[in-house]
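Source file query20.cif; content: mmCIF, C-alpha atoms.
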```
data_target
#
loop_
_atom_site.label_atom_id
_atom_site.label_comp_id
_atom_site.auth_asym_id
_atom_site.auth_seq_id
_atom_site.Cartn_x
_atom_site.Cartn_y
_atom_site.Cartn_z
CA MET A 1 152.33 112.82 90.52
CA PRO A 2 149.70 115.54 90.00
CA ALA A 3 148.26 115.66 93.51
CA LYS A 4 149.94 115.42 96.88
CA PRO A 5 148.97 112.36 98.93
CA ASN A 6 146.56 112.97 101.80
CA GLU A 7 145.58 116.37 100.44
CA ARG A 8 141.93 117.41 100.40
CA GLN A 9 140.43 117.71 96.94
CA TYR A 10 137.27 119.54 95.87
CA ARG A 11 135.05 118.39 93.00
CA MET A 12 131.83 119.79 91.62
CA MET A 13 129.40 117.50 89.80
CA SER A 14 127.21 118.47 86.87
CA ALA A 15 124.43 116.22 88.19
CA PRO A 16 122.00 118.47 90.03
CA LEU A 17 121.00 118.64 93.65
CA PHE A 18 117.25 118.89 93.59
CA VAL A 19 113.95 118.62 95.40
CA PRO A 20 112.01 115.52 94.27
CA ASP A 21 108.40 116.03 93.28
CA HIS A 22 106.85 113.55 95.69
CA ASP A 23 103.16 113.37 96.49
CA GLU A 24 104.11 111.57 99.67
CA PRO A 25 107.39 111.89 101.62
CA ASP A 26 108.19 108.18 101.22
CA GLU A 27 107.20 107.80 97.55
CA PRO A 28 109.89 106.03 95.50
CA ASP A 29 111.82 108.03 92.95
CA ASP A 30 113.72 106.84 89.90
CA PHE A 31 116.40 109.50 89.49
CA LEU A 32 119.36 108.77 87.20
CA GLY A 33 118.44 105.14 86.73
CA ALA A 34 118.62 104.03 90.34
CA GLU A 35 116.52 100.95 91.00
CA GLU A 36 115.48 101.38 94.60
CA PRO A 37 113.43 104.07 96.39
CA ARG A 38 115.58 106.64 98.09
CA ASN A 39 113.42 109.19 99.91
CA ARG A 40 115.24 108.48 103.14
CA PHE A 41 113.55 111.04 105.42
CA ASN A 42 109.96 111.68 106.34
CA SER A 43 110.49 115.38 105.81
CA GLN A 44 108.89 118.17 103.81
CA PHE A 45 112.37 119.72 103.48
CA TYR A 46 114.06 116.89 101.60
CA VAL A 47 116.75 117.19 98.90
CA GLU A 48 118.73 114.55 97.06
CA GLY A 49 121.27 114.06 94.31
CA TYR A 50 124.68 112.60 93.54
CA ALA A 51 127.90 113.99 95.00
CA THR A 52 129.89 112.09 92.38
CA THR A 53 129.40 109.48 89.68
CA PHE A 54 131.50 106.38 89.03
CA GLU A 55 133.26 105.41 85.79
CA ASP A 56 132.11 108.68 84.24
CA PRO A 57 135.06 110.66 82.75
CA TYR A 58 134.89 114.43 83.23
CA THR A 59 137.32 117.17 82.26
CA LEU A 60 138.98 118.97 85.14
CA PHE A 61 141.01 121.43 83.12
CA GLU A 62 142.35 122.23 79.66
CA ASP A 63 145.68 123.99 79.49
CA SER A 64 147.03 126.52 77.02
CA ASP A 65 148.88 123.78 75.13
CA GLY A 66 145.63 122.02 74.27
CA TRP A 67 146.01 119.20 76.79
CA LYS A 68 142.88 117.95 78.56
CA TYR A 69 143.11 116.66 82.11
CA VAL A 70 140.37 114.11 82.71
CA GLU A 71 139.37 112.37 85.91
CA ILE A 72 137.46 109.18 86.61
CA ILE A 73 136.21 108.01 89.99
CA ASP A 74 136.62 104.25 90.15
CA ARG A 75 133.48 102.25 90.92
CA HIS A 76 135.16 100.87 94.04
CA ALA A 77 136.95 104.04 95.12
CA LEU A 78 134.78 104.46 98.21
CA ASP A 79 135.17 100.89 99.43
CA GLY A 80 136.53 101.21 102.94
CA ALA A 81 136.56 105.04 102.91
CA ASP A 82 136.10 106.86 106.21
CA MET A 83 132.59 108.32 106.06
CA SER A 84 132.03 108.36 109.80
CA ASP A 85 131.32 112.09 110.16
CA VAL A 86 130.28 113.94 106.99
CA ILE A 87 128.64 117.36 106.95
CA PHE A 88 126.39 119.15 104.46
CA GLN A 89 127.33 122.80 103.87
CA TYR A 90 127.07 125.62 101.36
CA ASP A 91 130.28 126.20 99.37
CA HIS A 92 132.30 124.14 101.87
CA GLU A 93 132.25 126.71 104.64
CA GLY A 94 130.26 128.26 107.46
CA ARG A 95 126.95 126.84 108.56
CA VAL A 96 126.36 123.08 108.78
CA TYR A 97 122.86 122.28 107.48
CA ALA A 98 122.86 118.50 107.96
CA ARG A 99 125.13 115.79 109.28
CA ASN A 100 125.12 112.03 109.18
CA THR A 101 125.95 111.77 112.89
CA ASN A 102 122.59 113.35 113.82
CA ASN A 103 120.67 111.45 111.11
CA THR A 104 119.91 114.43 108.88
CA LEU A 105 122.30 113.41 106.10
CA TYR A 106 122.22 110.10 104.28
CA PHE A 107 124.65 108.85 101.64
CA GLU A 108 125.19 105.55 99.92
CA PRO A 109 127.47 104.42 97.08
CA ASN A 110 125.48 102.60 94.42
CA ASP A 111 126.15 101.51 90.84
CA HIS A 112 125.75 105.07 89.56
CA GLY A 113 127.74 106.99 92.16
CA LEU A 114 127.56 108.46 95.66
CA PHE A 115 123.89 109.15 96.30
CA ILE A 116 123.08 111.70 99.03
CA ALA A 117 119.90 112.85 100.69
CA ALA A 118 119.45 115.55 103.33
CA ASP A 119 116.71 116.55 105.72
CA LEU A 120 116.83 120.36 105.91
CA SER A 121 113.98 120.73 108.39
CA LYS A 122 115.83 121.00 111.68
CA THR A 123 116.83 124.69 111.73
CA SER A 124 115.46 127.88 110.19
CA LEU A 125 118.67 128.39 108.19
CA ALA A 126 118.52 124.84 106.86
CA ARG A 127 114.94 125.47 105.75
CA GLN A 128 116.09 128.65 104.01
CA MET A 129 118.70 126.61 102.15
CA TYR A 130 115.95 124.20 101.13
CA GLU A 131 113.99 127.13 99.71
CA ASP A 132 117.04 128.25 97.71
CA ILE A 133 117.43 124.76 96.28
CA ALA A 134 113.70 124.41 95.56
CA ALA A 135 113.71 127.80 93.80
CA GLY A 136 116.65 126.78 91.61
CA ASN A 137 119.03 129.38 93.08
CA VAL A 138 121.42 126.62 94.22
CA THR A 139 121.64 123.75 91.78
CA ARG A 140 124.88 121.78 92.07
CA MET A 141 126.87 119.71 94.52
CA SER A 142 130.52 119.42 95.44
CA TRP A 143 132.36 117.06 97.73
CA VAL A 144 135.65 117.15 99.63
CA PHE A 145 137.75 114.01 99.90
CA ILE A 146 141.28 112.71 100.29
CA PRO A 147 142.54 110.46 97.47
CA VAL A 148 145.02 107.84 98.66
CA GLU A 149 145.50 105.82 95.47
CA GLU A 150 145.49 107.04 91.87
CA THR A 151 146.60 105.82 88.46
CA TYR A 152 147.52 107.90 85.41
CA ILE A 153 147.40 107.47 81.65
CA GLU A 154 149.08 109.93 79.29
CA ASP A 155 147.74 109.92 75.71
CA ARG A 156 150.23 112.10 73.85
CA GLU A 157 148.61 111.62 70.46
CA ASN A 158 145.27 113.04 71.59
CA LYS A 159 146.73 115.26 74.33
CA VAL A 160 144.68 113.71 77.13
CA PHE A 161 145.99 113.00 80.63
CA THR A 162 143.60 110.80 82.63
CA THR A 163 143.66 110.37 86.39
CA ARG A 164 141.69 107.52 87.91
CA ILE A 165 140.85 107.88 91.60
CA VAL A 166 141.22 104.27 92.71
CA ARG A 167 140.77 104.71 96.43
CA VAL A 168 139.43 107.50 98.64
CA GLY A 169 140.65 107.63 102.22
CA LYS A 170 138.11 110.00 103.75
CA ILE A 171 135.12 112.15 102.83
CA TYR A 172 134.85 115.42 104.75
CA ASP A 173 131.84 117.24 103.43
CA ILE A 174 129.22 117.38 100.74
CA SER A 175 128.14 120.89 99.81
CA CYS A 176 125.45 122.53 97.80
CA VAL A 177 127.18 125.10 95.61
CA SER A 178 126.27 128.02 93.41
CA TYR A 179 126.65 127.92 89.63
CA PRO A 180 129.11 128.45 88.06
CA ALA A 181 131.49 126.42 90.18
CA ASP A 182 132.67 127.58 93.54
CA PRO A 183 136.12 129.15 93.02
CA ASN A 184 137.59 126.66 95.49
CA THR A 185 136.61 123.87 93.13
CA GLU A 186 138.31 125.49 90.16
CA ILE A 187 141.43 126.32 92.16
CA SER A 188 141.64 122.74 93.43
CA ALA A 189 141.27 121.32 89.95
CA ARG A 190 144.03 123.57 88.68
CA HIS A 191 146.23 122.65 91.61
CA LEU A 192 145.62 118.97 90.96
CA VAL A 193 146.96 119.13 87.42
CA ASN A 194 149.57 121.89 87.70
CA GLY A 195 152.23 119.43 88.80
CA GLU A 196 151.56 117.24 85.79
CA ILE A 197 151.52 120.24 83.44
CA GLU A 198 154.96 121.27 84.67
CA ALA A 199 156.25 117.68 84.49
CA ARG A 200 154.92 117.22 80.97
CA ARG A 201 156.47 120.48 79.77
CA LEU A 202 159.78 119.46 81.32
CA ARG A 203 159.64 116.09 79.54
CA GLU A 204 158.86 117.81 76.24
CA SER A 205 161.68 120.30 76.76
CA GLN A 206 164.10 117.47 77.50
CA GLN A 207 162.89 115.58 74.43
CA HIS A 208 163.38 118.64 72.21
CA GLU A 209 166.89 119.13 73.59
CA LEU A 210 167.70 115.46 72.96
CA GLU A 211 166.45 115.71 69.39
CA ARG A 212 168.50 118.91 68.84
CA ARG A 213 171.64 117.16 70.04
CA ARG A 214 170.96 114.16 67.81
CA ARG A 215 170.60 116.44 64.79
CA GLU A 216 173.80 118.24 65.72
CA ILE A 217 175.73 114.95 66.03
CA ALA A 218 174.30 113.75 62.71
CA LEU A 219 175.39 116.97 60.97
CA ARG A 220 178.89 116.68 62.43
CA ALA A 221 179.16 113.04 61.35
CA ARG A 222 178.03 113.98 57.85
CA ALA A 223 180.56 116.80 57.64
CA MET A 224 183.37 114.47 58.73
CA SER A 225 182.38 111.88 56.12
CA ILE A 226 182.47 114.53 53.36
CA ARG A 227 186.04 115.42 54.31
#
```

Here is a file; write its structure as structure tokens.
Amino acid sequence: MPAKPNERQYRMMSAPLFVPDHDEPDEPDDFLGAEEPRNRFNSQFYVEGYATTFEDPYTLFEDSDGWKYVEIIDRHALDGADMSDVIFQYDHEGRVYARNTNNTLYFEPNDHGLFIAADLSKTSLARQMYEDIAAGNVTRMSWVFIPVEETYIEDRENKVFTTRIVRVGKIYDISCVSYPADPNTEISARHLVNGEIEARRLRESQQHELERRRREIALRARAMSIR
């Protein structure tokens, strides 16, 4: 199993965190095909985006043997997940800029993924973070969660190992992150697949040894028949 159960995992999404261009704070937006208006705060310091998408395969890692490790978040992975206290940070550490328990962070799973919106008006540092996002200095999002159920498919012909996150137990935080990815994200992705890389290499080594022994037995049998 590539990841340990009940271990926090970090993921960065390619979908951007951004400041909508609204004439009015409550004007509907149609980002990424969503069908309902989502400007959830009457705030001039409003940001939104998707922390993750559903049924959208993305590559976590490609190893030196040419294997790709792909992950998919199941459309129902967040059903029943603990989202009771989620914070909005920068690079998963330090200052908390918004939080759902004080009604400055909103999130909702929809058909596309986990939509989030944040009101960054409440503190001077939160407003500074809004300015960084509005200026394009901070452009991506990452989220921290605990997977509790996963399935795996190994495609040896195409060298693709796919993990499907079937069920998430808890979401801890949603962060705005710098680009390229926060090192924690990359380290977590590598950690997620390292166990499978080692297991796959062990299986291949065992298979090669088995084939070597079969060839050796065949050669011995042939030599005995010649005698």

(message) I'd like to see the residues matched by the PyMOL selection byres ((chain A and resi 156-160) around 8) on this file, and ideally I'd get them as a VMD selection string.
(response) chain A and resid 66 to 70 154 to 155 161 to 162

(request) Rank nothing, just name the residue among A:Ile133, A:Val166, A:Leu60, A:Ile197 nearest to Pro147 of chain A, using only C-alpha atoms. (result) A:Val166

(request) Evaluate the PyMOL selection byres ((chain A and resi 111) around 9) and record the selected residues as a PyMOL selection string, following the chain and residue labels used in the document. (result) chain A and resi 34+53-54+75+109-110+112-114

Listed atoms of segment 105-116 of chain A boxed axis-aligned with 6 Å per side, centre + edges as JSON:
```
{"center_x": 125.0, "center_y": 107.5, "center_z": 97.8, "size_x": 17.5, "size_y": 23.9, "size_z": 28.5}
```

(request) List every protein, DNA or RNA residue with an atom no more than 10 Å from (127.2, 127.2, 104.0) in the file's coordinates, counting only C-alpha atoms, and format the result as a VMD selection string. (result) chain A and resid 88 to 97 125 to 126 129 175 to 177

(message) Selection in question (the file shown): the PyMOL selection byres ((chain A and resi 100) around 12). Which residues does it include, as a PyMOL selection string?
(response) chain A and resi 83-88+96-99+101-108+116-119+171-174

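Closest approach to Tyr58 of chain A from the set A:Arg127, A:Arg164, A:Arg40, A:Arg140 is made by A:Arg164, with distances taken over all atoms listed in the file.
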
For the point (114.8, 114.8, 97.1) in the file's frame, write as a PDB file with C-alpha atoms, in the coordinates of the input all residues with an atom no more than 8 Å away, counting all atoms listed in the file.
```pdb
ATOM      1  CA  PHE A  18     117.250 118.890  93.590  1.00  0.00           C
ATOM      2  CA  VAL A  19     113.950 118.620  95.400  1.00  0.00           C
ATOM      3  CA  PRO A  20     112.010 115.520  94.270  1.00  0.00           C
ATOM      4  CA  ASP A  21     108.400 116.030  93.280  1.00  0.00           C
ATOM      5  CA  ASN A  39     113.420 109.190  99.910  1.00  0.00           C
ATOM      6  CA  TYR A  46     114.060 116.890 101.600  1.00  0.00           C
ATOM      7  CA  VAL A  47     116.750 117.190  98.900  1.00  0.00           C
ATOM      8  CA  GLU A  48     118.730 114.550  97.060  1.00  0.00           C
ATOM      9  CA  GLY A  49     121.270 114.060  94.310  1.00  0.00           C
ATOM     10  CA  ALA A 117     119.900 112.850 100.690  1.00  0.00           C
ATOM     11  CA  ALA A 118     119.450 115.550 103.330  1.00  0.00           C
TER      12      ALA A 118
END
```

(request) Tell me which of A:Gln44, A:Leu78, A:Glu62, A:Arg213 sits closest to Ala134 of chain A, counting only C-alpha atoms. (result) A:Gln44

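Put simply, atom CA of Glu150 of chain A is 16.2 Å away from atom CA of Thr59 of chain A.
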
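Considering the residues A:Thr52, A:Thr123, A:Ser64, A:Ser43 and counting all atoms listed in the file, Ser142 of chain A has its shortest atom-to-atom contact with A:Thr52.
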
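Between atom CA of Asn42 of chain A and atom CA of Asp132 of chain A the separation is 20.0 Å.
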
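The space separating atom CA of Glu209 of chain A from atom CA of Ile153 of chain A comes to 24.1 Å.
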